[in-house]
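Okay, coords.tsv now, which holds TSV, C-alpha atoms and all ligand atoms:
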```
chain	number	residue	atom	x	y	z
A	496	MET	CA	67.45	79.73	82.31
A	497	THR	CA	67.38	76.16	83.69
A	498	LEU	CA	70.83	74.78	84.29
A	499	HIS	CA	71.62	71.18	83.41
A	500	LEU	CA	74.93	70.65	85.14
A	501	PRO	CA	76.82	67.44	84.44
A	502	VAL	CA	77.16	65.07	87.39
A	503	ILE	CA	80.72	64.98	88.72
A	504	ASP	CA	81.72	61.29	88.72
A	505	ALA	CA	83.31	59.85	91.81
A	506	LEU	CA	86.86	58.78	90.93
A	507	PRO	CA	86.49	55.46	89.13
A	508	TYR	CA	90.07	54.41	89.88
A	509	ASN	CA	92.64	53.95	92.63
A	510	ASP	CA	96.24	55.29	92.74
A	511	HIS	CA	97.62	52.37	90.74
A	512	GLU	CA	94.92	52.76	88.08
A	513	ILE	CA	95.55	56.51	87.92
A	514	ALA	CA	99.28	55.94	87.33
A	515	THR	CA	98.55	53.28	84.70
A	516	LEU	CA	96.08	55.53	82.86
A	517	GLN	CA	98.47	58.48	82.99
A	518	ALA	CA	101.29	56.33	81.53
A	519	GLU	CA	98.94	55.10	78.80
A	520	ILE	CA	97.86	58.69	77.99
A	521	ARG	CA	101.43	59.99	77.77
A	522	ALA	CA	102.39	57.08	75.47
A	523	LEU	CA	99.37	57.71	73.24
A	524	ALA	CA	100.13	61.44	73.15
A	525	ALA	CA	103.71	60.72	72.02
A	526	GLU	CA	102.56	58.20	69.43
A	527	ARG	CA	99.95	60.58	68.00
A	528	ASN	CA	102.08	63.72	68.26
A	529	ALA	CA	99.59	65.39	70.62
A	530	VAL	CA	99.94	68.03	73.30
A	531	ILE	CA	97.64	67.92	76.34
A	532	LEU	CA	96.53	71.28	77.76
A	533	ALA	CA	94.63	71.41	81.07
A	534	HIS	CA	92.85	74.29	82.73
A	535	ASN	CA	93.62	75.12	86.38
A	536	TYR	CA	90.10	73.99	87.35
A	537	GLN	CA	90.49	70.44	86.02
A	538	ARG	CA	90.64	67.39	88.29
A	539	ALA	CA	94.08	66.99	89.92
A	540	GLU	CA	94.94	63.76	88.08
A	541	VAL	CA	94.06	65.35	84.73
A	542	GLN	CA	96.26	68.37	85.52
A	543	ASP	CA	99.06	65.96	86.41
A	544	VAL	CA	99.00	64.21	83.04
A	545	ALA	CA	98.93	67.45	80.99
A	546	HIS	CA	101.97	68.92	79.26
A	547	PHE	CA	100.79	72.42	80.26
A	548	VAL	CA	98.40	73.66	82.95
A	549	GLY	CA	97.14	77.25	83.01
A	550	ASP	CA	94.32	79.74	82.73
A	551	SER	CA	92.29	80.18	79.58
A	552	LEU	CA	94.45	82.93	78.06
A	553	GLY	CA	97.68	81.08	78.90
A	554	LEU	CA	96.34	77.90	77.31
A	555	SER	CA	95.18	79.86	74.24
A	556	ARG	CA	98.74	81.06	73.80
A	557	LYS	CA	100.07	77.49	74.19
A	558	ALA	CA	97.56	76.33	71.57
A	559	ALA	CA	98.60	79.09	69.16
A	560	ALA	CA	102.28	78.10	69.55
A	561	ALA	CA	101.74	74.31	69.44
A	562	THR	CA	103.91	72.38	67.00
A	563	GLU	CA	102.10	69.06	67.55
A	564	ASP	CA	99.38	67.81	65.17
A	565	ILE	CA	96.75	67.35	67.88
A	566	ILE	CA	95.71	69.50	70.84
A	567	VAL	CA	93.78	67.66	73.57
A	568	PHE	CA	92.04	70.47	75.39
A	569	CYS	CA	91.04	69.59	78.96
A	570	GLY	CA	88.87	72.60	79.68
A	571	VAL	CA	85.42	73.71	78.56
A	572	HIS	CA	83.93	73.94	75.08
A	573	PHE	CA	84.45	77.66	74.40
A	574	MET	CA	88.14	77.33	75.34
A	575	ALA	CA	88.62	74.46	72.88
A	576	GLU	CA	86.94	76.63	70.25
A	577	THR	CA	89.36	79.47	71.02
A	578	ALA	CA	92.24	76.99	70.59
A	579	LYS	CA	90.82	76.04	67.18
A	580	VAL	CA	90.47	79.70	66.17
A	581	LEU	CA	94.11	80.33	67.09
A	582	ALA	CA	95.44	77.05	65.69
A	583	PRO	CA	93.16	76.30	62.72
A	584	THR	CA	95.41	73.70	61.10
A	585	LYS	CA	95.52	71.53	64.26
A	586	THR	CA	93.08	68.86	65.30
A	587	VAL	CA	91.52	70.08	68.58
A	588	LEU	CA	89.92	67.42	70.78
A	589	LEU	CA	87.63	68.06	73.77
A	590	PRO	CA	87.52	64.79	75.79
A	591	ASP	CA	83.89	65.25	76.94
A	592	LEU	CA	81.26	67.27	75.07
A	593	GLU	CA	79.38	67.85	78.33
A	594	ALA	CA	82.15	70.28	79.32
A	595	GLY	CA	80.18	73.45	78.57
A	596	CYS	CA	79.93	76.72	80.50
A	597	SER	CA	76.81	78.15	82.12
A	598	LEU	CA	78.11	81.70	81.58
A	599	ALA	CA	78.88	81.23	77.86
A	600	ASP	CA	75.44	79.65	77.46
A	601	THR	CA	73.66	82.83	78.58
A	602	ILE	CA	73.97	84.47	75.15
A	603	THR	CA	73.78	83.32	71.53
A	604	ALA	CA	75.14	84.96	68.38
A	605	GLU	CA	71.57	85.78	67.35
A	606	GLU	CA	70.97	87.58	70.65
A	607	VAL	CA	74.17	89.62	70.16
A	608	ARG	CA	73.01	90.63	66.67
A	609	GLY	CA	69.62	91.66	68.07
A	610	TRP	CA	71.23	93.67	70.86
A	611	ARG	CA	73.57	95.41	68.41
A	612	LYS	CA	70.58	96.38	66.26
A	613	GLN	CA	69.06	98.11	69.29
A	614	PHE	CA	72.34	100.04	69.87
A	615	PRO	CA	73.83	100.41	66.38
A	616	ASP	CA	76.61	102.86	67.25
A	617	TYR	CA	77.85	101.00	70.32
A	618	VAL	CA	81.06	98.97	70.50
A	619	ALA	CA	80.53	95.34	71.57
A	620	VAL	CA	82.94	93.94	74.16
A	621	GLY	CA	82.67	90.32	75.30
A	622	TYR	CA	84.32	88.35	78.04
A	623	VAL	CA	86.44	85.45	76.80
A	624	ASN	CA	83.78	83.08	78.24
A	625	THR	CA	81.70	83.13	75.06
A	626	THR	CA	81.25	80.79	72.11
A	627	ALA	CA	83.21	81.38	68.88
A	628	ALA	CA	79.90	82.32	67.17
A	629	VAL	CA	79.37	85.06	69.78
A	630	LYS	CA	82.98	86.24	69.52
A	631	ALA	CA	82.47	86.61	65.76
A	632	GLU	CA	79.83	89.29	66.51
A	633	LEU	CA	82.11	91.30	68.83
A	634	ASP	CA	84.51	94.18	68.32
A	635	TYR	CA	86.67	93.22	71.28
A	636	CYS	CA	87.19	90.21	73.47
A	637	CYS	CA	88.58	90.68	77.00
A	638	THR	CA	89.56	88.82	80.15
A	639	SER	CA	88.81	90.01	83.67
A	640	GLY	CA	92.51	90.96	83.84
A	641	ASN	CA	92.47	93.38	80.91
A	642	VAL	CA	88.83	94.50	80.77
A	643	LEU	CA	89.57	98.07	81.87
A	644	GLU	CA	92.41	98.42	79.36
A	645	VAL	CA	90.03	97.29	76.62
A	646	ILE	CA	87.38	99.80	77.73
A	647	ASP	CA	89.99	102.59	77.82
A	648	ALA	CA	91.09	101.73	74.27
A	649	ILE	CA	87.58	102.56	72.97
A	650	PRO	CA	86.96	106.24	72.06
A	651	ALA	CA	85.35	108.06	75.00
A	652	ASP	CA	82.29	109.17	73.01
A	653	LYS	CA	81.33	105.59	72.13
A	654	GLY	CA	78.72	103.61	74.06
A	655	ILE	CA	79.67	100.05	75.00
A	656	LEU	CA	77.73	96.78	75.04
A	657	PHE	CA	79.32	94.48	77.61
A	658	LEU	CA	78.55	90.74	77.72
A	659	PRO	CA	77.84	88.18	79.12
A	660	ASP	CA	78.98	88.52	82.77
A	661	MET	CA	76.75	90.92	84.72
A	662	PHE	CA	79.15	91.16	87.66
A	663	LEU	CA	82.15	91.98	85.51
A	664	GLY	CA	79.96	94.45	83.62
A	665	ALA	CA	78.86	96.09	86.88
A	666	HIS	CA	82.51	96.24	87.95
A	667	VAL	CA	83.32	98.08	84.69
A	668	ARG	CA	80.47	100.53	85.27
A	669	ARG	CA	81.68	101.22	88.77
A	670	MET	CA	85.33	101.69	87.76
A	671	ARG	CA	84.51	103.81	84.69
A	672	PRO	CA	81.43	105.80	85.80
A	673	ASP	CA	81.83	108.31	82.96
A	674	ARG	CA	81.38	105.60	80.31
A	675	ASN	CA	78.03	104.61	78.86
A	676	VAL	CA	77.95	100.83	79.37
A	677	GLU	CA	74.98	98.50	78.72
A	678	VAL	CA	75.41	95.13	80.48
A	679	TRP	CA	74.06	91.67	79.54
A	680	MET	CA	72.58	89.88	82.55
A	681	GLY	CA	74.52	86.60	82.39
A	682	GLU	CA	76.22	84.84	85.29
A	683	CYS	CA	78.22	81.74	86.16
A	684	HIS	CA	76.63	79.13	88.44
A	685	VAL	CA	79.82	78.87	90.53
A	686	HIS	CA	79.19	82.45	91.72
A	687	ALA	CA	76.83	81.06	94.28
A	688	GLY	CA	79.67	79.18	95.94
A	689	ILE	CA	81.94	82.16	96.65
A	690	ASP	CA	80.05	84.70	98.64
A	691	ILE	CA	81.42	87.42	100.92
A	692	ASP	CA	80.01	85.79	104.08
A	693	THR	CA	81.51	82.40	103.25
A	694	LEU	CA	84.82	84.04	102.48
A	695	GLN	CA	84.73	85.99	105.74
A	696	ALA	CA	83.98	82.81	107.70
A	697	ALA	CA	87.06	81.16	106.15
A	698	ARG	CA	89.16	84.19	107.15
A	699	ASP	CA	87.85	84.12	110.71
A	700	ALA	CA	88.66	80.41	110.98
A	701	ASN	CA	92.24	81.09	109.77
A	702	PRO	CA	93.56	84.16	111.62
A	703	GLY	CA	96.61	85.75	109.97
A	704	SER	CA	95.74	84.33	106.56
A	705	GLU	CA	95.81	86.34	103.34
A	706	VAL	CA	93.15	86.07	100.63
A	707	LEU	CA	94.06	85.34	97.02
A	708	VAL	CA	91.44	86.06	94.34
A	709	HIS	CA	92.06	84.71	90.87
A	710	PRO	CA	89.90	86.66	88.41
A	711	GLU	CA	90.07	84.00	85.70
A	712	CYS	CA	86.49	83.01	85.34
A	713	GLY	CA	82.97	84.07	86.17
A	714	CYS	CA	83.32	82.48	89.59
A	715	ALA	CA	85.42	85.41	90.90
A	716	SER	CA	83.74	88.35	89.19
A	717	ARG	CA	81.07	88.73	91.85
A	718	LEU	CA	83.78	89.23	94.44
A	719	LEU	CA	85.40	91.95	92.31
A	720	TYR	CA	82.03	93.62	92.14
A	721	ARG	CA	81.35	93.41	95.87
A	722	MET	CA	84.87	94.61	96.71
A	723	ALA	CA	84.44	97.66	94.50
A	724	ASP	CA	81.20	98.26	96.37
A	725	GLY	CA	83.13	98.44	99.67
A	726	ASP	CA	81.40	95.30	101.06
A	727	LEU	CA	84.74	93.63	101.60
A	728	PRO	CA	87.62	95.60	103.17
A	729	PRO	CA	90.58	95.43	100.75
A	730	GLU	CA	93.20	94.79	103.47
A	731	GLY	CA	94.74	91.34	103.11
A	732	ILE	CA	93.04	90.67	99.77
A	733	HIS	CA	95.14	90.21	96.66
A	734	ILE	CA	93.86	89.89	93.11
A	735	ALA	CA	96.37	88.03	91.00
A	736	SER	CA	96.98	85.65	88.11
A	737	THR	CA	98.03	82.08	88.92
A	738	GLU	CA	101.71	82.96	88.65
A	739	GLY	CA	101.05	86.17	90.61
A	740	MET	CA	99.44	84.10	93.39
A	741	ILE	CA	102.48	81.85	93.62
A	742	ASN	CA	104.77	84.87	93.81
A	743	LEU	CA	102.61	86.32	96.58
A	744	THR	CA	102.87	83.13	98.65
A	745	ARG	CA	106.64	83.67	98.61
A	746	GLU	CA	106.55	87.43	99.21
A	747	LEU	CA	104.00	87.45	102.04
A	748	ASP	CA	104.77	86.16	105.53
A	749	ALA	CA	101.48	84.30	105.98
A	750	ASP	CA	101.56	80.49	106.11
A	751	THR	CA	97.90	80.14	105.16
A	752	PHE	CA	96.11	81.52	102.13
A	753	ILE	CA	92.37	81.56	101.50
A	754	VAL	CA	91.81	80.92	97.80
A	755	ALA	CA	88.73	82.63	96.39
A	756	THR	CA	88.13	80.95	93.06
A	757	GLU	CA	87.23	77.50	91.78
A	758	THR	CA	88.85	74.93	94.06
A	759	GLY	CA	90.80	73.10	91.31
A	760	ILE	CA	93.46	75.79	91.25
A	761	ILE	CA	94.62	74.78	94.73
A	762	HIS	CA	96.22	71.60	93.38
A	763	ARG	CA	98.65	73.60	91.23
A	764	MET	CA	99.31	76.17	93.94
A	765	GLN	CA	100.11	73.43	96.43
A	766	GLN	CA	102.56	71.88	93.98
A	767	MET	CA	104.28	75.21	93.36
A	768	ALA	CA	104.45	76.27	97.02
A	769	PRO	CA	104.31	73.01	99.04
A	770	GLU	CA	105.40	74.67	102.28
A	771	LYS	CA	102.25	76.86	102.37
A	772	ARG	CA	98.67	75.98	103.29
A	773	PHE	CA	95.83	76.76	100.87
A	774	VAL	CA	92.23	76.80	102.05
A	775	PRO	CA	89.30	77.15	99.63
A	776	ALA	CA	87.09	80.16	100.39
A	777	ASP	CA	84.22	77.73	99.76
A	778	ARG	CA	84.59	74.01	99.09
A	779	ALA	CA	81.36	74.08	97.08
A	780	ALA	CA	82.95	76.37	94.48
A	781	GLU	CA	83.45	73.61	91.94
A	782	CYS	CA	82.68	73.92	88.26
A	783	ALA	CA	80.81	70.73	87.32
A	784	TYR	CA	81.61	71.34	83.65
A	785	MET	CA	85.34	71.45	84.27
A	786	LYS	CA	85.25	68.36	86.46
A	787	THR	CA	83.35	66.24	83.96
A	788	ILE	CA	86.59	65.32	82.13
A	789	THR	CA	88.22	62.17	83.54
A	790	LEU	CA	91.46	60.35	82.71
A	791	VAL	CA	89.41	57.72	80.88
A	792	ASP	CA	87.94	60.50	78.71
A	793	VAL	CA	91.42	61.85	77.95
A	794	ARG	CA	92.68	58.39	77.02
A	795	ASP	CA	89.66	57.73	74.82
A	796	ALA	CA	90.04	61.13	73.15
A	797	LEU	CA	93.52	60.08	72.02
A	798	ARG	CA	92.54	56.51	71.17
A	799	LEU	CA	89.37	57.34	69.24
A	800	ASN	CA	90.14	60.90	68.06
A	801	GLN	CA	87.16	62.29	69.93
A	802	PHE	CA	85.55	64.80	70.19
A	803	GLU	CA	86.85	66.99	67.43
A	804	ILE	CA	86.00	70.70	67.76
A	805	ASP	CA	85.54	72.58	64.55
A	806	VAL	CA	84.70	76.22	63.92
A	807	PRO	CA	83.46	77.26	60.45
A	808	THR	CA	86.08	79.33	58.57
A	809	GLU	CA	83.95	82.47	58.36
A	810	VAL	CA	83.16	82.41	62.11
A	811	ARG	CA	86.78	81.62	62.91
A	812	GLU	CA	88.14	84.56	60.95
A	813	ARG	CA	85.74	87.07	62.50
A	814	ALA	CA	86.21	85.67	66.03
A	815	LYS	CA	89.98	85.90	65.59
A	816	LEU	CA	89.81	89.67	65.09
A	817	ALA	CA	88.19	90.15	68.52
A	818	ILE	CA	90.61	87.68	70.16
A	819	ASP	CA	93.67	89.28	68.52
A	820	ARG	CA	92.65	92.68	69.89
A	821	MET	CA	92.43	91.15	73.38
A	822	VAL	CA	95.86	89.51	73.10
A	823	ALA	CA	97.38	92.75	71.73
A	824	LEU	CA	96.22	94.63	74.83
A	825	GLY	CA	97.81	92.09	77.20
A	826	ALA	CA	96.00	90.42	80.06
B	1	LIG	S1	83.54	78.34	86.47
B	1	LIG	FE1	81.68	79.32	85.58
B	1	LIG	S2	82.45	80.66	83.98
B	1	LIG	FE2	84.13	79.20	84.48
B	1	LIG	S3	83.84	77.48	83.02
B	1	LIG	FE3	82.71	76.95	84.89
B	1	LIG	S4	80.62	77.67	84.47
B	1	LIG	FE4	81.95	78.70	83.00
```
Please go through the file and, once you have read it, give me the structure as structure tokens.
Ligand code: SF4
Amino acid sequence: MTLHLPVIDALPYNDHEIATLQAEIRALAAERNAVILAHNYQRAEVQDVAHFVGDSLGLSRKAAAATEDIIVFCGVHFMAETAKVLAPTKTVLLPDLEAGCSLADTITAEEVRGWRKQFPDYVAVGYVNTTAAVKAELDYCCTSGNVLEVIDAIPADKGILFLPDMFLGAHVRRMRPDRNVEVWMGECHVHAGIDIDTLQAARDANPGSEVLVHPECGCASRLLYRMADGDLPPEGIHIASTEGMINLTRELDADTFIVATETGIIHRMQQMAPEKRFVPADRAAECAYMKTITLVDVRDALRLNQFEIDVPTEVRERAKLAIDRMVALGA
């Protein structure tokens, strides 16, 4: 597959312009009765203007509970679709339609149907990084946090089709060797940025540091896979949610933490634990799709009601079944 990543714009504004745009956005949000949700991987100034910042499951829950008329979703397309599935009566706006996901793009609904035909008795499990049309073809949706619980909830005699993340699928195979699991060969382009050697170099440069791995997105699943393989000694490595990471920075004595996931999450961690030092495992681990949304895009989304994300009712209802099963099993 050829990737067409959006170009990450240099910041088109200075501090004063940022503050002015943020004030304008908050005023527009109040006027239009909108809530702004931002993913942890968004640009810092977009995170700062949001009403809530979190991972994709956390933001899905915020969307489902929203009382406002409009949800401005600063994340990628499949996440805005999930918000629409969970909050069908709300207007969901994605500020830039270029905010896609290379992992979600590796499989279409038609390909899932074809795969299921080849394995008619298997149960289809898909990572949350999939389009609503793909989710509508699944039995279960999962996150990297609850994937093993989902697998364990499926009767032991059933084969499993796992999609689209090959590293998370390989991790499942390794952790549940007695299960019959077919894996789709999809991957996220940010994988390339967080490799074991790069991570080890960051550790060597920061003696006494601890490593925090956030298994939110495809960018961390390769590390999970390599760790299970024994390539990376588990000492000093902690796999945690965003809130879990913050708790760890308080519980552990280290002053410096190497953060092995997309670099955008460091902004939030630094705000929540300002006395600690956070070093990206690899500065190149940036998701170009996440970073395509600017403050100007957020303002224009509210001004011009763009770009509205819709999911056809039939797809929405089927996708919701798979998502509800994921939420019921926790994350
Ligand atoms: S980091 Fe990878 S999996 Fe996550 S949104 Fe970006 S392209 Fe998709």
Legend entry - Minimum-distance residue to ligand LIG 1 (chain B), chosen among A:Asp750, A:Asp660, A:Glu677, A:Glu705 (using all atoms listed in the file):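 Closest residue, counting all atoms listed in the file: A:Asp660.
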Legend entry - One-decimal distance in Å that lies between CA of Asp726 (chain A) and CA of Arg674 (chain A):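 Pair CA of Arg674 (chain A) / CA of Asp726 (chain A) returns 23.2 Å.
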Inset, instruction - Can you pull out every residue within 12 Å of Thr744 (chain A), counting only C-alpha atoms, but drop anything in the same chain fewer than 6 positions away, and send it as a VMD selection string? - result: chain A and resid 704 to 707 733 735 737 to 738 750 to 754 764 to 765 767 to 773
So that I have them on file, write out the residues from the current selection with C-alpha atoms, as a PDB file, keeping the file's coordinate frame.
```pdb
ATOM      1  CA  SER A 704      95.740  84.330 106.560  1.00  0.00           C
ATOM      2  CA  GLU A 705      95.810  86.340 103.340  1.00  0.00           C
ATOM      3  CA  VAL A 706      93.150  86.070 100.630  1.00  0.00           C
ATOM      4  CA  LEU A 707      94.060  85.340  97.020  1.00  0.00           C
ATOM      5  CA  HIS A 733      95.140  90.210  96.660  1.00  0.00           C
ATOM      6  CA  ALA A 735      96.370  88.030  91.000  1.00  0.00           C
ATOM      7  CA  THR A 737      98.030  82.080  88.920  1.00  0.00           C
ATOM      8  CA  GLU A 738     101.710  82.960  88.650  1.00  0.00           C
ATOM      9  CA  ASP A 750     101.560  80.490 106.110  1.00  0.00           C
ATOM     10  CA  THR A 751      97.900  80.140 105.160  1.00  0.00           C
ATOM     11  CA  PHE A 752      96.110  81.520 102.130  1.00  0.00           C
ATOM     12  CA  ILE A 753      92.370  81.560 101.500  1.00  0.00           C
ATOM     13  CA  VAL A 754      91.810  80.920  97.800  1.00  0.00           C
ATOM     14  CA  MET A 764      99.310  76.170  93.940  1.00  0.00           C
ATOM     15  CA  GLN A 765     100.110  73.430  96.430  1.00  0.00           C
ATOM     16  CA  MET A 767     104.280  75.210  93.360  1.00  0.00           C
ATOM     17  CA  ALA A 768     104.450  76.270  97.020  1.00  0.00           C
ATOM     18  CA  PRO A 769     104.310  73.010  99.040  1.00  0.00           C
ATOM     19  CA  GLU A 770     105.400  74.670 102.280  1.00  0.00           C
ATOM     20  CA  LYS A 771     102.250  76.860 102.370  1.00  0.00           C
ATOM     21  CA  ARG A 772      98.670  75.980 103.290  1.00  0.00           C
ATOM     22  CA  PHE A 773      95.830  76.760 100.870  1.00  0.00           C
TER      23      PHE A 773
END
```
Per-axis box centre and lengths in Å around region 618-622 of chain A, 8 Å margin per side, axis-aligned, as JSON:
```
{"center_x": 82.4, "center_y": 93.7, "center_z": 74.3, "size_x": 19.8, "size_y": 26.6, "size_z": 23.5}
```
Inset, instruction - Using all atoms listed in the file, find each protein or nucleic acid residue lying at most 9 Å from ligand LIG 1 (chain B); present the set as a PyMOL selection string. - result: chain A and resi 536+570-574+594-600+624+660+682-686+711-715+756-757+780-785
Inset, instruction - Have a look at CA of Gly731 (chain A) and CA of Asp777 (chain A) and let me know their distance in Å, one decimal. - result: 17.5 Å
Legend entry - Contacts of Gly664 (chain A) within 9 Å, only C-alpha atoms, excl. fewer than 5 positions in-chain, as an MDAnalysis selection string: chainID A and resid 657:659 669 676:680 720
Inset, instruction - One decimal, Å: what's the distance from CA of Thr758 (chain A) over to CA of Arg798 (chain A), could you say? - result: 29.6 Å
Inset, instruction - Tell me, as an MDAnalysis selection string, which residues lie within 7 Å of Cys637 (chain A), counting all atoms listed in the file; anything in the same chain fewer than 5 positions away does not count. - result: chainID A and resid 621:623 642 645 821
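Minimum atom-to-atom distance to Pro583 (chain A), evaluated using all atoms listed in the file, belongs to A:Pro807 out of A:Tyr508, A:Ile655, A:Val822, A:Pro807.
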Legend entry - Best match for closeness to Phe547 (chain A) among A:Ala524, A:Cys569, A:Leu532, A:Ala560, counting only C-alpha atoms: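 Going through A:Ala524, A:Cys569, A:Leu532, A:Ala560 one by one, the smallest distance to Phe547 (chain A) is for A:Leu532.
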Using all atoms listed in the file, determine which residues lie at most 9 Å from Gln537 (chain A), disregarding the query and same-chain residues fewer than 3 positions distant; provide the list as a short mmCIF file (atom, residue, chain, number, x, y, z; two decimals) with C-alpha atoms, in the frame of the given file.
```cif
data_model
loop_
_atom_site.label_atom_id
_atom_site.label_comp_id
_atom_site.auth_asym_id
_atom_site.auth_seq_id
_atom_site.Cartn_x
_atom_site.Cartn_y
_atom_site.Cartn_z
CA ALA A 533 94.63 71.41 81.07
CA HIS A 534 92.85 74.29 82.73
CA GLU A 540 94.94 63.76 88.08
CA VAL A 541 94.06 65.35 84.73
CA GLN A 542 96.26 68.37 85.52
CA CYS A 569 91.04 69.59 78.96
CA GLY A 570 88.87 72.60 79.68
CA GLY A 759 90.80 73.10 91.31
CA ILE A 760 93.46 75.79 91.25
CA CYS A 782 82.68 73.92 88.26
CA MET A 785 85.34 71.45 84.27
CA LYS A 786 85.25 68.36 86.46
CA THR A 787 83.35 66.24 83.96
CA ILE A 788 86.59 65.32 82.13
CA THR A 789 88.22 62.17 83.54
#
```
